[in-house]
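Pasted below: model.cif, mmCIF, C-alpha atoms.
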data_final
loop_
_atom_site.label_atom_id
_atom_site.label_comp_id
_atom_site.auth_asym_id
_atom_site.auth_seq_id
_atom_site.Cartn_x
_atom_site.Cartn_y
_atom_site.Cartn_z
CA MET A 1 17.70 -26.41 4.25
CA SER A 2 19.85 -24.78 1.55
CA ASN A 3 16.75 -24.13 -0.58
CA LYS A 4 15.29 -22.04 2.26
CA VAL A 5 18.20 -19.60 2.15
CA LYS A 6 17.72 -17.33 -0.86
CA LYS A 7 19.88 -14.32 -1.63
CA LEU A 8 17.84 -11.73 -3.45
CA LEU A 9 18.17 -8.45 -1.59
CA THR A 10 21.57 -9.49 -0.25
CA ALA A 11 22.93 -10.93 -3.52
CA ARG A 12 25.22 -7.96 -4.13
CA PHE A 13 26.52 -7.71 -0.56
CA GLY A 14 30.30 -7.87 -0.73
CA VAL A 15 30.19 -7.93 -4.53
CA VAL A 16 29.65 -4.21 -5.12
CA SER A 17 31.16 -1.27 -3.30
CA PRO A 18 28.42 0.82 -1.68
CA ASP A 19 30.31 3.90 -2.85
CA SER A 20 30.32 2.87 -6.52
CA ILE A 21 27.36 3.31 -8.84
CA GLU A 22 29.52 1.76 -11.56
CA ASP A 23 29.70 -1.48 -9.56
CA TYR A 24 25.95 -1.45 -9.12
CA ILE A 25 25.29 -0.92 -12.83
CA LYS A 26 27.78 -3.65 -13.82
CA ASN A 27 25.84 -6.06 -11.61
CA GLY A 28 22.45 -5.34 -13.13
CA GLY A 29 21.64 -2.18 -11.23
CA TYR A 30 19.16 0.34 -12.66
CA ALA A 31 18.17 -2.10 -15.42
CA SER A 32 14.79 -2.51 -13.70
CA LEU A 33 14.35 1.26 -13.61
CA LYS A 34 14.97 1.49 -17.35
CA LYS A 35 12.45 -1.31 -17.87
CA ALA A 36 9.89 0.32 -15.56
CA LEU A 37 10.14 3.71 -17.27
CA GLY A 38 9.11 1.98 -20.50
CA MET A 39 6.03 0.52 -18.83
CA ASP A 40 2.68 2.09 -18.10
CA PRO A 41 2.54 3.03 -14.39
CA GLU A 42 -0.59 0.90 -14.02
CA ALA A 43 1.33 -2.08 -15.37
CA ILE A 44 3.98 -1.59 -12.69
CA ILE A 45 1.29 -1.53 -10.02
CA THR A 46 -0.21 -4.71 -11.50
CA GLU A 47 3.14 -6.51 -11.20
CA VAL A 48 3.65 -5.34 -7.61
CA LYS A 49 0.14 -6.49 -6.69
CA ALA A 50 0.75 -9.84 -8.42
CA SER A 51 3.96 -10.27 -6.43
CA GLY A 52 2.01 -10.30 -3.18
CA LEU A 53 4.66 -8.08 -1.58
CA ARG A 54 3.62 -6.88 1.85
CA GLY A 55 5.29 -4.19 3.93
CA ARG A 56 8.38 -5.55 5.65
CA GLY A 57 8.29 -3.12 8.55
CA GLY A 58 5.90 -5.20 10.65
CA ALA A 59 2.37 -4.15 9.68
CA GLY A 60 2.38 -6.23 6.49
CA PHE A 61 0.06 -4.04 4.38
CA PRO A 62 0.00 -4.98 0.65
CA THR A 63 2.51 -2.72 -1.10
CA GLY A 64 0.73 -2.73 -4.46
CA ILE A 65 -2.53 -1.53 -2.94
CA LYS A 66 -0.71 1.29 -1.15
CA MET A 67 1.02 2.29 -4.40
CA GLU A 68 -2.28 2.21 -6.30
CA SER A 69 -4.04 4.25 -3.62
CA VAL A 70 -1.47 7.04 -3.90
CA ARG A 71 -1.69 7.06 -7.69
CA ARG A 72 -5.48 7.36 -7.59
CA ALA A 73 -5.58 9.89 -4.75
CA THR A 74 -6.41 13.49 -5.60
CA GLY A 75 -3.99 16.27 -4.73
CA SER A 76 -0.44 17.14 -5.64
CA PRO A 77 2.44 17.02 -5.25
CA LYS A 78 2.67 13.36 -4.25
CA TYR A 79 5.48 11.90 -2.21
CA VAL A 80 7.40 8.70 -1.64
CA VAL A 81 8.86 8.37 1.86
CA CYS A 82 11.22 5.68 3.10
CA ASN A 83 11.02 4.85 6.78
CA ALA A 84 14.64 4.06 7.65
CA ASP A 85 14.23 4.91 11.32
CA GLU A 86 15.16 1.41 12.46
CA GLY A 87 14.94 2.06 16.18
CA GLU A 88 13.54 -1.25 17.42
CA PRO A 89 16.30 -3.03 19.38
CA GLY A 90 17.23 -6.32 17.77
CA ASN A 91 16.64 -5.06 14.21
CA PHE A 92 19.51 -4.18 11.90
CA LYS A 93 18.42 -5.40 8.45
CA ASP A 94 17.70 -1.95 7.04
CA ARG A 95 21.12 -0.69 8.09
CA TYR A 96 22.75 -3.53 6.17
CA LEU A 97 20.67 -2.74 3.08
CA MET A 98 21.59 0.94 3.18
CA GLU A 99 25.27 0.38 3.87
CA LYS A 100 25.88 -2.63 1.60
CA ASP A 101 23.70 -1.86 -1.44
CA PRO A 102 22.27 1.68 -1.24
CA HIS A 103 21.38 2.02 -4.94
CA GLN A 104 18.98 -0.93 -4.61
CA LEU A 105 16.91 1.22 -2.24
CA LEU A 106 17.11 4.27 -4.50
CA GLU A 107 16.08 2.27 -7.57
CA GLY A 108 13.06 0.84 -5.75
CA MET A 109 11.98 4.28 -4.60
CA ILE A 110 12.34 5.83 -8.07
CA ILE A 111 10.28 3.04 -9.65
CA SER A 112 7.65 3.43 -6.91
CA ALA A 113 7.52 7.18 -7.47
CA PHE A 114 7.00 6.72 -11.22
CA ALA A 115 4.20 4.21 -10.58
CA ALA A 116 2.50 6.31 -7.90
CA GLY A 117 2.89 9.63 -9.71
CA ALA A 118 5.19 11.18 -7.11
CA ASP A 119 7.85 13.75 -7.84
CA TYR A 120 9.74 13.92 -4.53
CA GLY A 121 11.14 11.36 -2.14
CA ALA A 122 12.51 11.49 1.39
CA ILE A 123 14.57 8.90 3.24
CA PHE A 124 14.20 9.38 7.00
CA VAL A 125 17.17 7.62 8.61
CA ARG A 126 17.72 6.82 12.26
CA GLY A 127 20.04 9.50 13.62
CA GLU A 128 22.47 6.96 15.06
CA TYR A 129 23.04 5.48 11.58
CA ILE A 130 25.69 8.03 10.68
CA ASN A 131 27.43 5.78 8.16
CA SER A 132 24.14 4.94 6.45
CA ILE A 133 23.40 8.64 6.01
CA LYS A 134 26.80 9.31 4.45
CA ILE A 135 26.51 6.38 2.06
CA LEU A 136 22.99 7.33 0.97
CA ASP A 137 23.94 10.98 0.44
CA ASN A 138 26.78 9.86 -1.83
CA ALA A 139 24.55 7.39 -3.69
CA ILE A 140 21.97 10.09 -4.37
CA LYS A 141 24.64 12.40 -5.79
CA GLN A 142 25.90 9.60 -8.03
CA ALA A 143 22.39 8.70 -9.21
CA ARG A 144 21.65 12.33 -9.98
CA LYS A 145 24.87 12.71 -11.96
CA ALA A 146 24.12 9.52 -13.92
CA GLY A 147 20.66 10.78 -14.88
CA PHE A 148 18.62 8.46 -12.65
CA LEU A 149 17.39 11.39 -10.53
CA GLY A 150 16.39 14.94 -11.34
CA LYS A 151 14.66 16.41 -14.37
CA ASN A 152 13.67 14.32 -17.38
CA ILE A 153 15.08 11.02 -16.04
CA LEU A 154 16.64 9.01 -18.88
CA GLY A 155 14.86 11.25 -21.37
CA THR A 156 11.40 10.00 -20.38
CA GLY A 157 9.99 13.29 -19.12
CA PHE A 158 9.72 11.90 -15.59
CA ASP A 159 11.02 14.25 -12.87
CA PHE A 160 11.92 12.96 -9.43
CA GLU A 161 14.20 14.18 -6.64
CA MET A 162 15.02 12.84 -3.21
CA ASP A 163 16.94 13.75 -0.08
CA VAL A 164 18.11 12.09 3.13
CA TYR A 165 16.85 13.31 6.49
CA SER A 166 18.37 12.39 9.84
CA GLY A 167 16.30 11.51 12.88
CA ALA A 168 17.29 12.81 16.30
CA GLY A 169 17.19 9.67 18.39
CA SER A 170 13.43 9.38 18.82
CA TYR A 171 12.18 5.78 18.80
CA VAL A 172 8.61 6.89 18.12
CA CYS A 173 9.67 8.19 14.68
CA GLY A 174 9.46 4.60 13.53
CA GLU A 175 5.67 5.14 13.56
CA GLU A 176 4.69 6.59 10.19
CA PHE A 177 2.61 9.55 11.39
CA ALA A 178 5.28 10.59 13.90
CA LEU A 179 7.88 10.29 11.16
CA LEU A 180 5.87 12.46 8.77
CA ALA A 181 5.37 15.05 11.50
CA ALA A 182 9.13 15.12 12.08
CA LEU A 183 9.75 15.63 8.35
CA GLU A 184 7.42 18.62 8.51
CA GLY A 185 9.41 20.11 11.39
CA LYS A 186 6.76 19.30 14.00
CA PRO A 187 7.08 17.29 17.22
CA ALA A 188 7.33 13.58 16.44
CA ARG A 189 3.93 12.44 17.67
CA SER A 190 1.31 10.23 16.12
CA THR A 191 -2.25 11.23 15.39
CA PHE A 192 -5.73 9.79 14.89
CA LYS A 193 -6.42 7.62 11.86
CA PRO A 194 -7.99 7.92 9.31
CA PRO A 195 -7.03 9.75 7.18
CA PHE A 196 -4.05 7.62 6.16
CA PRO A 197 -0.85 8.77 4.43
CA THR A 198 -2.03 7.50 1.04
CA THR A 199 -4.53 10.36 0.94
CA GLU A 200 -3.16 12.86 3.49
CA GLY A 201 0.49 12.19 4.26
CA LEU A 202 3.51 14.47 4.07
CA ASN A 203 2.35 18.10 4.02
CA GLY A 204 -1.21 16.82 3.79
CA LYS A 205 -0.61 15.28 0.36
CA PRO A 206 -0.83 11.67 -0.92
CA THR A 207 2.22 9.75 0.26
CA GLN A 208 3.52 6.22 -0.21
CA ILE A 209 5.52 5.33 2.88
CA ASN A 210 7.37 2.02 3.20
CA ASN A 211 10.46 0.80 4.97
CA VAL A 212 13.85 0.07 3.42
CA GLU A 213 13.38 -3.66 2.89
CA THR A 214 10.03 -3.13 1.16
CA PHE A 215 11.39 -0.62 -1.35
CA ALA A 216 14.47 -2.80 -1.96
CA ASN A 217 12.19 -5.54 -3.32
CA ILE A 218 10.63 -3.39 -6.04
CA SER A 219 13.45 -3.61 -8.61
CA HIS A 220 13.49 -7.41 -8.30
CA ILE A 221 9.74 -7.61 -8.88
CA ILE A 222 10.07 -5.56 -12.06
CA ASP A 223 13.06 -7.63 -13.18
CA MET A 224 11.54 -11.11 -12.70
CA GLY A 225 7.85 -10.29 -12.81
CA GLY A 226 5.29 -10.42 -10.03
CA ALA A 227 4.34 -14.07 -10.52
CA ALA A 228 7.95 -15.30 -10.38
CA TYR A 229 8.56 -13.25 -7.23
CA ALA A 230 5.43 -14.67 -5.61
CA ALA A 231 6.63 -18.20 -6.40
CA LEU A 232 9.67 -17.68 -4.15
CA GLY A 233 7.62 -17.72 -0.98
CA THR A 234 4.42 -19.29 0.30
CA GLU A 235 0.85 -18.50 -0.64
CA ALA A 236 0.44 -16.09 2.27
CA SER A 237 4.02 -14.77 2.42
CA THR A 238 5.72 -14.19 -0.90
CA GLY A 239 9.33 -13.40 -1.70
CA THR A 240 12.12 -13.54 0.86
CA LYS A 241 12.52 -12.20 4.39
CA LEU A 242 15.53 -10.64 6.06
CA ILE A 243 16.08 -11.99 9.57
CA SER A 244 18.04 -10.07 12.21
CA LEU A 245 19.24 -12.85 14.51
CA SER A 246 20.72 -11.91 17.88
CA GLY A 247 20.81 -12.75 21.59
CA ASN A 248 22.28 -15.93 23.06
CA ILE A 249 23.27 -17.41 19.72
CA ASN A 250 26.55 -18.71 18.28
CA HIS A 251 26.25 -17.01 14.90
CA PRO A 252 24.26 -13.78 15.18
CA GLY A 253 23.80 -11.81 11.99
CA LEU A 254 21.61 -11.06 9.01
CA TYR A 255 20.04 -13.96 7.07
CA GLU A 256 17.80 -13.91 4.00
CA VAL A 257 15.35 -16.80 3.92
CA THR A 258 12.10 -17.97 2.36
CA TYR A 259 8.92 -18.12 4.42
CA ASP A 260 8.78 -21.92 4.60
CA ILE A 261 11.68 -21.99 7.06
CA THR A 262 10.98 -22.70 10.74
CA LEU A 263 12.16 -20.69 13.71
CA ARG A 264 14.11 -23.73 14.89
CA GLU A 265 15.96 -24.02 11.58
CA ILE A 266 16.92 -20.36 11.78
CA ILE A 267 18.18 -20.68 15.36
CA GLU A 268 19.88 -24.06 15.18
CA GLU A 269 21.05 -24.41 11.59
CA LEU A 270 21.74 -20.81 10.57
CA GLY A 271 22.52 -19.43 14.01
CA GLY A 272 24.41 -22.48 15.24
CA GLY A 273 22.34 -22.82 18.40
CA VAL A 274 22.97 -21.44 21.88
CA PRO A 275 26.59 -21.02 23.12
CA GLY A 276 27.85 -23.62 25.57
CA GLY A 277 25.09 -26.04 24.63
CA ARG A 278 22.63 -24.25 26.89
CA ALA A 279 18.90 -24.59 26.28
CA VAL A 280 16.68 -22.00 24.64
CA LYS A 281 14.32 -20.67 27.30
CA MET A 282 12.36 -18.20 25.18
CA VAL A 283 12.52 -16.29 21.90
CA GLN A 284 11.28 -12.78 21.21
CA LEU A 285 9.98 -12.03 17.71
CA GLY A 286 10.23 -8.58 16.15
CA GLY A 287 12.05 -6.85 19.00
CA PRO A 288 10.84 -5.49 22.38
CA SER A 289 7.37 -4.75 21.00
CA GLY A 290 6.94 -8.36 19.88
CA PRO A 291 5.76 -11.56 21.56
CA ILE A 292 7.96 -13.80 23.70
CA ILE A 293 7.38 -17.44 22.90
CA PRO A 294 8.47 -20.78 24.40
CA PRO A 295 10.64 -23.47 22.73
CA SER A 296 7.51 -25.52 22.04
CA LEU A 297 6.61 -23.09 19.23
CA LEU A 298 9.97 -23.10 17.48
CA ASP A 299 8.81 -25.56 14.82
CA LEU A 300 6.46 -22.92 13.42
CA LYS A 301 7.27 -21.68 9.94
CA ILE A 302 7.58 -17.91 9.63
CA ASP A 303 4.77 -18.00 7.05
CA ALA A 304 2.00 -15.55 8.00
CA ASN A 305 -0.83 -18.08 7.91
CA GLU A 306 0.96 -20.57 10.14
CA MET A 307 2.03 -17.96 12.69
CA ARG A 308 -1.40 -16.34 12.71
CA LYS A 309 -2.85 -19.53 14.20
CA TYR A 310 -1.03 -18.59 17.41
CA ASN A 311 -1.67 -14.84 17.07
CA LEU A 312 2.00 -14.36 16.14
CA SER A 313 3.91 -12.66 13.34
CA ILE A 314 7.54 -12.51 12.27
CA ALA A 315 6.92 -8.74 11.99
CA SER A 316 10.08 -6.83 11.07
CA GLY A 317 12.18 -9.99 11.19
CA ALA A 318 14.09 -9.70 14.47
CA ILE A 319 14.62 -12.96 16.35
CA ILE A 320 16.14 -12.56 19.82
CA VAL A 321 17.22 -15.83 21.42
CA ILE A 322 17.20 -16.00 25.24
CA ASP A 323 18.81 -18.93 27.04
CA ASP A 324 17.91 -20.66 30.32
CA ARG A 325 19.85 -18.22 32.52
CA ALA A 326 17.32 -15.45 31.93
CA ASP A 327 14.77 -14.19 34.44
CA ALA A 328 11.53 -13.34 32.65
CA LEU A 329 10.65 -10.57 35.09
CA ASP A 330 14.01 -8.88 34.66
CA ILE A 331 13.50 -8.92 30.88
CA LEU A 332 10.03 -7.38 31.21
CA VAL A 333 11.24 -4.59 33.46
CA ARG A 334 13.96 -3.66 30.98
CA ILE A 335 11.50 -3.68 28.08
CA MET A 336 8.97 -1.50 29.88
CA GLU A 337 11.69 0.92 31.01
CA PHE A 338 12.66 1.30 27.37
CA PHE A 339 9.10 2.06 26.26
CA HIS A 340 8.52 4.40 29.21
CA HIS A 341 11.61 6.37 28.19
CA GLU A 342 10.65 6.46 24.50
CA SER A 343 6.96 7.35 24.80
CA CYS A 344 6.19 10.71 23.19
CA GLY A 345 3.67 11.37 25.99
CA LYS A 346 0.82 12.46 23.74
CA CYS A 347 -1.82 9.93 24.79
CA THR A 348 -2.73 9.21 28.40
CA SER A 349 -3.04 5.46 27.99
CA CYS A 350 0.59 5.16 26.94
CA ARG A 351 2.15 7.97 28.99
CA GLU A 352 0.49 7.07 32.28
CA GLY A 353 -0.04 3.40 31.57
CA LEU A 354 3.66 2.62 31.15
CA GLY A 355 4.50 4.25 34.47
CA GLN A 356 1.75 2.33 36.22
CA VAL A 357 2.87 -0.96 34.65
CA LEU A 358 6.45 -0.37 35.81
CA GLY A 359 5.20 0.31 39.33
CA LEU A 360 3.29 -2.97 39.33
CA LEU A 361 6.27 -4.90 37.97
CA ASP A 362 8.37 -3.49 40.80
CA LYS A 363 5.93 -5.09 43.23
CA PHE A 364 6.44 -8.44 41.54
CA VAL A 365 10.21 -7.94 41.75
CA ASP A 366 10.19 -7.29 45.51
CA GLY A 367 7.56 -9.96 46.22
CA THR A 368 4.82 -7.63 47.44
CA ALA A 369 2.43 -8.14 44.51
CA THR A 370 -1.08 -9.45 45.19
CA GLU A 371 -3.75 -11.11 43.07
CA ALA A 372 -5.38 -7.69 42.80
CA ASP A 373 -2.13 -6.31 41.35
CA LEU A 374 -2.11 -9.05 38.73
CA LYS A 375 -5.70 -8.26 37.77
CA LEU A 376 -4.89 -4.53 37.57
CA LEU A 377 -1.83 -5.30 35.42
CA ARG A 378 -3.93 -7.28 32.94
CA ASN A 379 -6.51 -4.46 32.77
CA LEU A 380 -3.84 -1.83 32.19
CA LEU A 381 -2.32 -3.86 29.37
CA ASP A 382 -5.71 -4.17 27.66
CA VAL A 383 -6.40 -0.43 27.96
CA MET A 384 -2.98 0.44 26.53
CA SER A 385 -3.41 -1.97 23.61
CA GLN A 386 -6.84 -0.63 22.71
CA ALA A 387 -6.59 3.08 23.50
CA SER A 388 -3.08 4.13 22.51
CA LEU A 389 -2.71 6.22 19.36
CA CYS A 390 0.28 4.44 17.85
CA GLY A 391 2.18 1.19 17.79
CA LEU A 392 4.36 2.10 20.77
CA GLY A 393 1.55 2.05 23.29
CA GLN A 394 -0.44 -0.58 21.41
CA ALA A 395 2.45 -3.07 21.22
CA ALA A 396 4.33 -2.30 24.45
CA PRO A 397 2.12 -4.73 26.43
CA THR A 398 2.79 -7.62 24.03
CA ALA A 399 5.85 -8.97 25.83
CA ILE A 400 4.07 -9.03 29.21
CA LYS A 401 0.91 -10.57 27.75
CA THR A 402 2.85 -13.41 26.16
CA ILE A 403 4.98 -13.98 29.27
CA LEU A 404 1.73 -14.32 31.22
CA GLN A 405 0.41 -16.69 28.55
CA TYR A 406 3.45 -18.94 28.19
CA PHE A 407 5.50 -18.34 31.35
CA GLY A 408 2.78 -17.31 33.79
CA ASP A 409 4.39 -19.10 36.74
CA GLU A 410 7.38 -16.76 36.60
CA LEU A 411 5.11 -13.81 37.44
CA CYS A 412 2.37 -15.50 39.41
CA GLY A 413 4.99 -17.28 41.48
CA ARG A 414 6.14 -13.88 42.80
CA ILE A 415 2.74 -13.03 44.26
CA GLY A 416 3.03 -12.82 48.03
CA ALA A 417 6.66 -14.03 47.88
CA ALA A 418 7.86 -11.47 50.44
CA LYS A 419 5.12 -12.52 52.85
CA GLU A 420 6.11 -16.16 52.52
CA VAL A 421 9.74 -15.33 53.31
CA LYS A 422 8.69 -13.61 56.52
#
Translate the structure described by the file into structure tokens.
Amino acid sequence: MSNKVKKLLTARFGVVSPDSIEDYIKNGGYASLKKALGMDPEAIITEVKASGLRGRGGAGFPTGIKMESVRRATGSPKYVVCNADEGEPGNFKDRYLMEKDPHQLLEGMIISAFAAGADYGAIFVRGEYINSIKILDNAIKQARKAGFLGKNILGTGFDFEMDVYSGAGSYVCGEEFALLAALEGKPARSTFKPPFPTTEGLNGKPTQINNVETFANISHIIDMGGAAYAALGTEASTGTKLISLSGNINHPGLYEVTYDITLREIIEELGGGVPGGRAVKMVQLGGPSGPIIPPSLLDLKIDANEMRKYNLSIASGAIIVIDDRADALDILVRIMEFFHHESCGKCTSCREGLGQVLGLLDKFVDGTATEADLKLLRNLLDVMSQASLCGLGQAAPTAIKTILQYFGDELCGRIGAAKEVK
């Protein structure tokens, strides 16, 4: 088990002060940037591609391909944007990275900018992360003073600046097009794709956008080389993964693991199991927009290939443990209320669909639901998944779909319940 816990991104947690660039440099910080600035940008991209690093925000797109696409795209200026709008309940890994080791993020972004040919970077931080914003602002000032940001970085002729931007509490800003719109001063709403940010991103220019955990990996890839980084994980899932473990668990917290670990090992060995010796009833992966699975699937490794067999993904890394006291319907109502509140309202399938789904769930709650209501619910979920513009509407039905798949009796058993009582 010990070989499945690997501290890479979290190695400096508690060792360096987040307010001290001197601490960071003493512990190997910015050495990868110096190395990268002596490399050809194409060589950096080659190493990132060889590492097999995929986006750690949930979509899992290959980072090296995204970096290469921005470099080869026409148009200037080019941008690097960090999505630090960690609004999905159950996720807190990016906050830890920003508040425990902020220069690791900055170094990864600067290297990425050099490789992609960008000259400006933006870190869009969830508005509620006030401490993260303060720490990042200070880190940027320190990096600028030390010559790692600004004009002619380390005498190489490379110019790059960055700033921190605060969100305003909008969950939908976690979607990259909504985030870019917010950075431009527009309403935070998604749009049709393509084009994608790599060709038409911030201000209509080529943009590499990744989340905090993804950028934090870049300096380690340059330091150890892409092949060595890839060897840390599995064939399909390289490197390490940060897990935000919460819910009915004895030891909630942030854990860094390799992809050959199972969900059960995370819950029982790292998390210490469920308090009071109660049984695990279900586990939600990735947060409210993720699937809810039964205990029978806990022996799955978090490796992408193994999870894909069941149409699952570890996504952003949240694991929410739910014990045997929970009512599945109550959980679904709360999840759908959250999405209904957070929808930007741009597309009909999401705006109207969420309200209709909540109305149907209410019928299951009070026992007046019929077989026709169940059929309508399934149809609505399919329409939302297929017709919504962004991940909010597309993924909102996931929890209900998986409850119907694995815990169908808890919903179907409510059909006609009020009639039976009479």
Leaving out segment 164-167 of chain A and any residue of its chain fewer than 6 positions from it, which residues lie within 8 Å of it when counting all atoms listed in the file, given as a list in words? Asp85, Ala122, Ile123, Phe124, Val125, Arg126, Gly127, Glu128, Ile133, Leu136, Asp137, Cys173 and Leu183 of chain A
What does the file look like for those residues with C-alpha atoms, as a PDB file, keeping the file's coordinate frame?
ATOM      1  CA  ASP A  85      14.230   4.910  11.320  1.00  0.00           C
ATOM      2  CA  ALA A 122      12.510  11.490   1.390  1.00  0.00           C
ATOM      3  CA  ILE A 123      14.570   8.900   3.240  1.00  0.00           C
ATOM      4  CA  PHE A 124      14.200   9.380   7.000  1.00  0.00           C
ATOM      5  CA  VAL A 125      17.170   7.620   8.610  1.00  0.00           C
ATOM      6  CA  ARG A 126      17.720   6.820  12.260  1.00  0.00           C
ATOM      7  CA  GLY A 127      20.040   9.500  13.620  1.00  0.00           C
ATOM      8  CA  GLU A 128      22.470   6.960  15.060  1.00  0.00           C
ATOM      9  CA  ILE A 133      23.400   8.640   6.010  1.00  0.00           C
ATOM     10  CA  LEU A 136      22.990   7.330   0.970  1.00  0.00           C
ATOM     11  CA  ASP A 137      23.940  10.980   0.440  1.00  0.00           C
ATOM     12  CA  CYS A 173       9.670   8.190  14.680  1.00  0.00           C
ATOM     13  CA  LEU A 183       9.750  15.630   8.350  1.00  0.00           C
TER      14      LEU A 183
END
On this structure, the PyMOL selection byres ((chain A and resi 76) around 8) would catch which residues? List them as number ranges by chain, sorted by chain and number. A: 74-75, 77-78, 205-206
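The residues returned by the PyMOL selection byres ((chain A and resi 42-44) around 9) on the shown structure are Ala36, Met39, Asp40, Pro41, Ile45, Thr46, Glu47, Val48, Lys49, Gly64, Glu68, Arg71, Ile111, Ser112, Phe114, Ala115, Ala116 and Ile222 of chain A.
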Using all atoms listed in the file, find the one residue out of A:Gly52, A:Gly247, A:Gly359, A:Gly87 that sits nearest to Ala230 of chain A. A:Gly52
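The space between atom CA of Leu312 of chain A and atom CA of Pro291 of chain A spans 7.2 Å.
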Among the residues A:Lys346, A:Lys281, A:Lys193, A:Lys100, the one that comes closest to Gly14 of chain A [using only C-alpha atoms]: A:Lys100
